[in-house]
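Data block for data-v3.cif (mmCIF, C-alpha atoms):
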```cif
data_start
#
loop_
_atom_site.label_atom_id
_atom_site.label_comp_id
_atom_site.auth_asym_id
_atom_site.auth_seq_id
_atom_site.Cartn_x
_atom_site.Cartn_y
_atom_site.Cartn_z
CA MET R 660 71.19 95.44 104.28
CA LEU R 661 70.87 92.18 106.21
CA LEU R 662 70.67 90.27 102.93
CA LYS R 663 73.84 92.00 101.73
CA LYS R 664 75.68 91.01 104.92
CA SER R 665 74.41 87.41 104.78
CA THR R 666 75.30 87.06 101.12
CA THR R 667 78.74 88.52 101.65
CA LEU R 668 79.36 86.30 104.68
CA ALA R 669 78.55 83.29 102.51
CA VAL R 670 80.90 84.55 99.80
CA VAL R 671 83.72 85.23 102.28
CA SER R 672 83.27 81.78 103.82
CA GLY R 673 83.38 80.20 100.38
CA LEU R 674 86.53 82.11 99.47
CA LEU R 675 88.25 81.07 102.68
CA LEU R 676 87.27 77.45 102.17
CA ALA R 677 88.45 77.57 98.56
CA SER R 678 91.74 79.06 99.70
CA MET R 679 92.17 76.34 102.29
CA ALA R 680 91.35 73.63 99.75
CA ALA R 681 94.07 74.97 97.47
CA SER R 682 96.62 74.91 100.28
CA ALA R 683 95.62 72.42 102.95
CA GLU R 684 97.93 73.96 105.51
CA THR R 685 97.51 77.75 105.36
CA VAL R 686 95.11 80.59 104.67
CA LYS R 687 96.73 83.70 103.20
CA ILE R 688 95.39 87.10 104.26
CA GLY R 689 96.67 90.35 102.80
CA ALA R 690 97.38 93.62 104.61
CA LEU R 691 97.36 96.68 102.35
CA MET R 692 98.97 99.44 104.40
CA PRO R 693 100.73 102.79 103.85
CA LEU R 694 104.19 101.76 105.02
CA THR R 695 105.71 104.77 103.25
CA GLY R 696 104.29 108.19 102.42
CA GLY R 697 102.12 110.57 104.41
CA LEU R 698 100.22 107.95 106.41
CA GLN R 699 103.24 105.79 107.23
CA SER R 700 102.90 106.06 111.01
CA TYR R 701 99.26 104.94 110.84
CA GLY R 702 100.15 102.12 108.48
CA GLU R 703 102.87 100.79 110.75
CA ALA R 704 100.58 100.90 113.79
CA CYS R 705 97.72 99.21 111.95
CA LEU R 706 100.02 96.55 110.53
CA ASN R 707 101.25 95.78 114.05
CA GLY R 708 97.62 95.24 115.07
CA VAL R 709 97.02 92.91 112.12
CA LYS R 710 100.17 90.96 112.99
CA MET R 711 99.00 90.62 116.60
CA ALA R 712 95.61 89.35 115.42
CA VAL R 713 97.25 86.76 113.15
CA GLU R 714 99.48 85.60 116.02
CA GLU R 715 96.44 85.30 118.31
CA ILE R 716 94.44 83.38 115.71
CA ASN R 717 97.31 80.99 115.04
CA ALA R 718 97.97 80.50 118.77
CA GLY R 719 94.32 79.50 119.12
CA GLY R 720 94.57 76.82 116.47
CA GLY R 721 94.29 78.91 113.32
CA LEU R 722 91.29 79.55 111.11
CA LEU R 723 89.25 76.36 110.99
CA GLY R 724 92.43 74.54 111.98
CA GLU R 725 94.58 76.10 109.27
CA ALA R 726 97.45 78.52 109.99
CA VAL R 727 96.97 82.11 108.83
CA VAL R 728 99.84 83.57 106.80
CA LEU R 729 100.03 87.35 106.41
CA GLN R 730 101.15 88.90 103.12
CA VAL R 731 101.85 92.66 103.19
CA GLY R 732 101.58 95.30 100.47
CA ASP R 733 102.66 98.96 100.71
CA THR R 734 100.21 101.53 99.29
CA GLN R 735 102.84 104.28 99.59
CA THR R 736 99.79 106.44 100.48
CA LYS R 737 99.04 106.71 96.73
CA ALA R 738 96.32 105.19 94.53
CA GLN R 739 98.46 103.57 91.82
CA PRO R 740 100.90 101.87 94.19
CA ALA R 741 97.87 100.70 96.22
CA LEU R 742 96.37 99.15 93.07
CA ASP R 743 99.68 97.52 92.16
CA ALA R 744 100.17 96.13 95.67
CA ALA R 745 96.59 94.84 95.86
CA LYS R 746 96.87 93.15 92.48
CA LYS R 747 100.09 91.44 93.60
CA LEU R 748 98.47 90.29 96.85
CA VAL R 749 95.58 88.75 94.94
CA SER R 750 97.09 87.45 91.72
CA ILE R 751 100.58 86.45 92.86
CA GLU R 752 100.35 85.84 96.62
CA GLY R 753 96.86 84.32 96.38
CA VAL R 754 95.29 85.98 99.43
CA ALA R 755 91.70 85.10 100.37
CA GLY R 756 90.97 88.61 101.67
CA ILE R 757 92.64 91.96 102.35
CA VAL R 758 92.70 94.22 105.41
CA GLY R 759 93.13 97.81 104.22
CA ALA R 760 93.61 100.28 102.79
CA LEU R 761 93.64 103.09 105.33
CA SER R 762 92.52 106.02 103.19
CA SER R 763 89.45 106.38 101.00
CA GLY R 764 91.62 107.59 98.13
CA ASN R 765 93.35 104.21 98.10
CA THR R 766 90.45 102.02 99.19
CA ILE R 767 87.97 103.15 96.52
CA PRO R 768 90.09 102.30 93.45
CA VAL R 769 91.26 99.02 95.01
CA ALA R 770 87.66 98.02 95.80
CA GLN R 771 86.39 98.85 92.32
CA THR R 772 89.35 97.54 90.35
CA ILE R 773 90.78 94.63 92.32
CA ALA R 774 88.33 93.40 94.99
CA ALA R 775 85.30 93.48 92.69
CA ALA R 776 87.13 92.00 89.70
CA TYR R 777 88.78 89.16 91.62
CA GLY R 778 85.98 88.56 94.13
CA VAL R 779 88.23 89.19 97.13
CA PRO R 780 86.83 90.81 100.30
CA LEU R 781 88.45 94.11 101.28
CA VAL R 782 87.99 95.34 104.87
CA SER R 783 89.08 98.92 105.52
CA PRO R 784 89.62 99.96 109.12
CA ALA R 785 89.80 103.68 108.32
CA SER R 786 88.17 104.70 105.02
CA THR R 787 85.32 107.11 105.76
CA ALA R 788 84.31 108.72 102.45
CA PRO R 789 80.50 108.80 102.11
CA THR R 790 80.76 107.51 98.53
CA ILE R 791 81.93 104.13 99.85
CA THR R 792 78.41 103.39 101.10
CA ASP R 793 77.02 103.00 97.56
CA LEU R 794 80.23 102.11 95.75
CA ALA R 795 80.10 99.78 92.74
CA ASP R 796 82.26 97.12 94.41
CA LYS R 797 80.01 94.07 93.99
CA ASP R 798 79.64 94.07 97.80
CA PHE R 799 83.25 93.09 98.45
CA LEU R 800 84.20 96.25 100.38
CA PHE R 801 83.54 96.60 104.09
CA ARG R 802 84.62 99.26 106.54
CA THR R 803 84.82 99.15 110.31
CA VAL R 804 84.32 102.89 110.81
CA PRO R 805 81.28 105.05 110.05
CA SER R 806 81.01 107.34 107.06
CA ASP R 807 82.06 110.98 107.38
CA ALA R 808 78.37 111.78 106.84
CA PHE R 809 77.53 110.16 110.19
CA GLN R 810 80.58 111.46 112.02
CA GLY R 811 79.64 115.07 111.25
CA VAL R 812 76.11 114.60 112.57
CA ALA R 813 77.41 112.95 115.76
CA LEU R 814 79.98 115.69 116.32
CA ALA R 815 77.34 118.40 115.83
CA LYS R 816 75.25 116.82 118.59
CA VAL R 817 78.20 116.89 120.98
CA VAL R 818 79.18 120.47 120.24
#
```

Go ahead and express the file in the form of structure tokens.
Amino acid sequence: MLLKKSTTLAVVSGLLLASMAASAETVKIGALMPLTGGLQSYGEACLNGVKMAVEEINAGGGLLGEAVVLQVGDTQTKAQPALDAAKKLVSIEGVAGIVGALSSGNTIPVAQTIAAAYGVPLVSPASTAPTITDLADKDFLFRTVPSDAFQGVALAKVV
């Protein structure tokens, strides 16, 4: 597990440096959020948090001295629009990494189809499906919340 994290950190650092070399003034980061559909309210709130983080990073001098530019894609709370938006973020906008998606049903296909294929890190703040743990994503998918498998065990201890 530690090797996976170290390897991925090296890959992410390389991608960010490559992105900065391509554009000596900015680093593009993508946000893949449900701005329409059933999870719209969560998407809007999460996007506001991402925007605040970008503002804070830029106010502090940017990422390694380069300004961070946020590119946004709407998943519409559906898998195919999530794939389309992620592909646009990567292949057209040229993002170095993506924050999102917010649901496992969107995150899993994006990780397997876009992140793995293009070598772009995907960090989900809300995807909890246990299958994500062993997903065939070439180690480009990360999540900041525990799996449902762990949440159930923790809840059982409380109840």

Taking all atoms listed in the file into account, which of R:Thr685, R:Ser763, R:Ser806, R:Thr772 comes nearest Ser786 in chain R?
R:Ser763

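Relative to CA of Pro784 in chain R, CA of Val713 in chain R is found at 15.8 Å.
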
On this structure, which residues satisfy the PyMOL selection byres ((chain R and resi 781) around 10), written as a ChimeraX atom specification?
/R:689-691,745,755-760,766,769-770,773-775,778-780,782-784,796,798-802

Residue by residue, what does the PyMOL selection byres ((chain R and resi 731-737) around 12) grab here? Present the result as a ChimeraX atom specification.
/R:687-703,705-707,709-710,728-730,738-749,751-754,756-769

Starting from 3 Å padding per side, set up an axis-aligned box that covers all listed atoms of range 721-737 of chain R and hand over centre and edge lengths in Å, one decimal, as JSON.
```
{"center_x": 96.0, "center_y": 90.6, "center_z": 105.0, "size_x": 19.6, "size_y": 38.2, "size_z": 22.6}
```

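Put simply, CA of Tyr777 in chain R is 8.5 Å away from CA of Ser750 in chain R.
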
Could you state the separation of CA of Asp807 in chain R and CA of Ala788 in chain R in Å, given to one decimal place?
5.9 Å

Can you turn the PyMOL selection byres ((chain R and resi 789) around 9) into a concrete residue list for this file, as JSON, numbers by chain?
{"R": [787, 788, 790, 791, 792, 793, 805, 806, 807, 808, 809]}

Please determine, counting only C-alpha atoms, which residue among R:Ala785, R:Val686, R:Ala813, R:Thr803 has the shortest atom-to-atom distance to Leu722 in chain R.
R:Val686

N, CA and C atoms are needed for range 713-747 of chain R; please write them out as a short mmCIF file (atom, residue, chain, number, x, y, z; two decimals), in the coordinates of the input.
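Result file part.cif:
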```
data_model
loop_
_atom_site.label_atom_id
_atom_site.label_comp_id
_atom_site.auth_asym_id
_atom_site.auth_seq_id
_atom_site.Cartn_x
_atom_site.Cartn_y
_atom_site.Cartn_z
N VAL R 713 96.84 88.01 113.80
CA VAL R 713 97.25 86.76 113.15
C VAL R 713 97.93 85.84 114.16
N GLU R 714 98.81 86.40 114.99
CA GLU R 714 99.48 85.60 116.02
C GLU R 714 98.46 84.98 116.98
N GLU R 715 97.47 85.78 117.38
CA GLU R 715 96.44 85.30 118.31
C GLU R 715 95.60 84.19 117.66
N ILE R 716 95.22 84.39 116.42
CA ILE R 716 94.44 83.38 115.71
C ILE R 716 95.23 82.08 115.59
N ASN R 717 96.49 82.19 115.19
CA ASN R 717 97.31 80.99 115.04
C ASN R 717 97.58 80.31 116.38
N ALA R 718 97.76 81.08 117.44
CA ALA R 718 97.97 80.50 118.77
C ALA R 718 96.73 79.75 119.25
N GLY R 719 95.57 80.16 118.76
CA GLY R 719 94.32 79.50 119.12
C GLY R 719 93.94 78.36 118.19
N GLY R 720 94.85 77.94 117.35
CA GLY R 720 94.57 76.82 116.47
C GLY R 720 94.33 77.18 115.02
N GLY R 721 94.44 78.47 114.71
CA GLY R 721 94.29 78.91 113.32
C GLY R 721 92.85 79.16 112.94
N LEU R 722 92.61 79.31 111.66
CA LEU R 722 91.29 79.55 111.11
C LEU R 722 90.76 78.23 110.60
N LEU R 723 89.77 77.69 111.30
CA LEU R 723 89.25 76.36 110.99
C LEU R 723 90.37 75.32 110.95
N GLY R 724 91.32 75.49 111.87
CA GLY R 724 92.43 74.54 111.98
C GLY R 724 93.60 74.79 111.06
N GLU R 725 93.50 75.80 110.21
CA GLU R 725 94.58 76.10 109.27
C GLU R 725 95.33 77.36 109.73
N ALA R 726 96.64 77.36 109.60
CA ALA R 726 97.45 78.52 109.99
C ALA R 726 97.18 79.69 109.05
N VAL R 727 97.14 80.89 109.61
CA VAL R 727 96.97 82.11 108.83
C VAL R 727 98.36 82.67 108.52
N VAL R 728 98.58 82.98 107.25
CA VAL R 728 99.84 83.57 106.80
C VAL R 728 99.52 84.97 106.30
N LEU R 729 100.26 85.95 106.78
CA LEU R 729 100.03 87.35 106.41
C LEU R 729 100.97 87.76 105.27
N GLN R 730 100.40 88.33 104.23
CA GLN R 730 101.15 88.90 103.12
C GLN R 730 100.92 90.41 103.16
N VAL R 731 101.96 91.21 103.01
CA VAL R 731 101.85 92.66 103.19
C VAL R 731 102.16 93.40 101.89
N GLY R 732 101.34 94.43 101.61
CA GLY R 732 101.58 95.30 100.47
C GLY R 732 101.61 96.74 100.93
N ASP R 733 102.50 97.54 100.36
CA ASP R 733 102.66 98.96 100.71
C ASP R 733 101.90 99.82 99.70
N THR R 734 100.95 100.63 100.18
CA THR R 734 100.21 101.53 99.29
C THR R 734 101.01 102.78 98.94
N GLN R 735 102.04 103.06 99.72
CA GLN R 735 102.84 104.28 99.59
C GLN R 735 101.97 105.53 99.75
N THR R 736 100.77 105.37 100.30
CA THR R 736 99.79 106.44 100.48
C THR R 736 99.41 107.07 99.13
N LYS R 737 99.39 106.25 98.08
CA LYS R 737 99.04 106.71 96.73
C LYS R 737 98.18 105.66 96.04
N ALA R 738 97.26 106.11 95.18
CA ALA R 738 96.32 105.19 94.53
C ALA R 738 96.99 104.15 93.64
N GLN R 739 97.88 104.55 92.75
CA GLN R 739 98.46 103.57 91.82
C GLN R 739 99.30 102.52 92.52
N PRO R 740 100.18 102.91 93.46
CA PRO R 740 100.90 101.87 94.19
C PRO R 740 99.96 100.96 95.00
N ALA R 741 98.85 101.52 95.50
CA ALA R 741 97.87 100.70 96.22
C ALA R 741 97.26 99.66 95.28
N LEU R 742 96.90 100.09 94.07
CA LEU R 742 96.37 99.15 93.07
C LEU R 742 97.38 98.07 92.72
N ASP R 743 98.62 98.48 92.51
CA ASP R 743 99.68 97.52 92.16
C ASP R 743 99.90 96.51 93.29
N ALA R 744 99.95 97.01 94.52
CA ALA R 744 100.17 96.13 95.67
C ALA R 744 98.99 95.18 95.87
N ALA R 745 97.77 95.69 95.71
CA ALA R 745 96.59 94.84 95.86
C ALA R 745 96.54 93.76 94.79
N LYS R 746 96.87 94.13 93.57
CA LYS R 746 96.87 93.15 92.48
C LYS R 746 97.90 92.05 92.75
N LYS R 747 99.06 92.44 93.27
CA LYS R 747 100.09 91.44 93.60
C LYS R 747 99.60 90.52 94.72
#
```
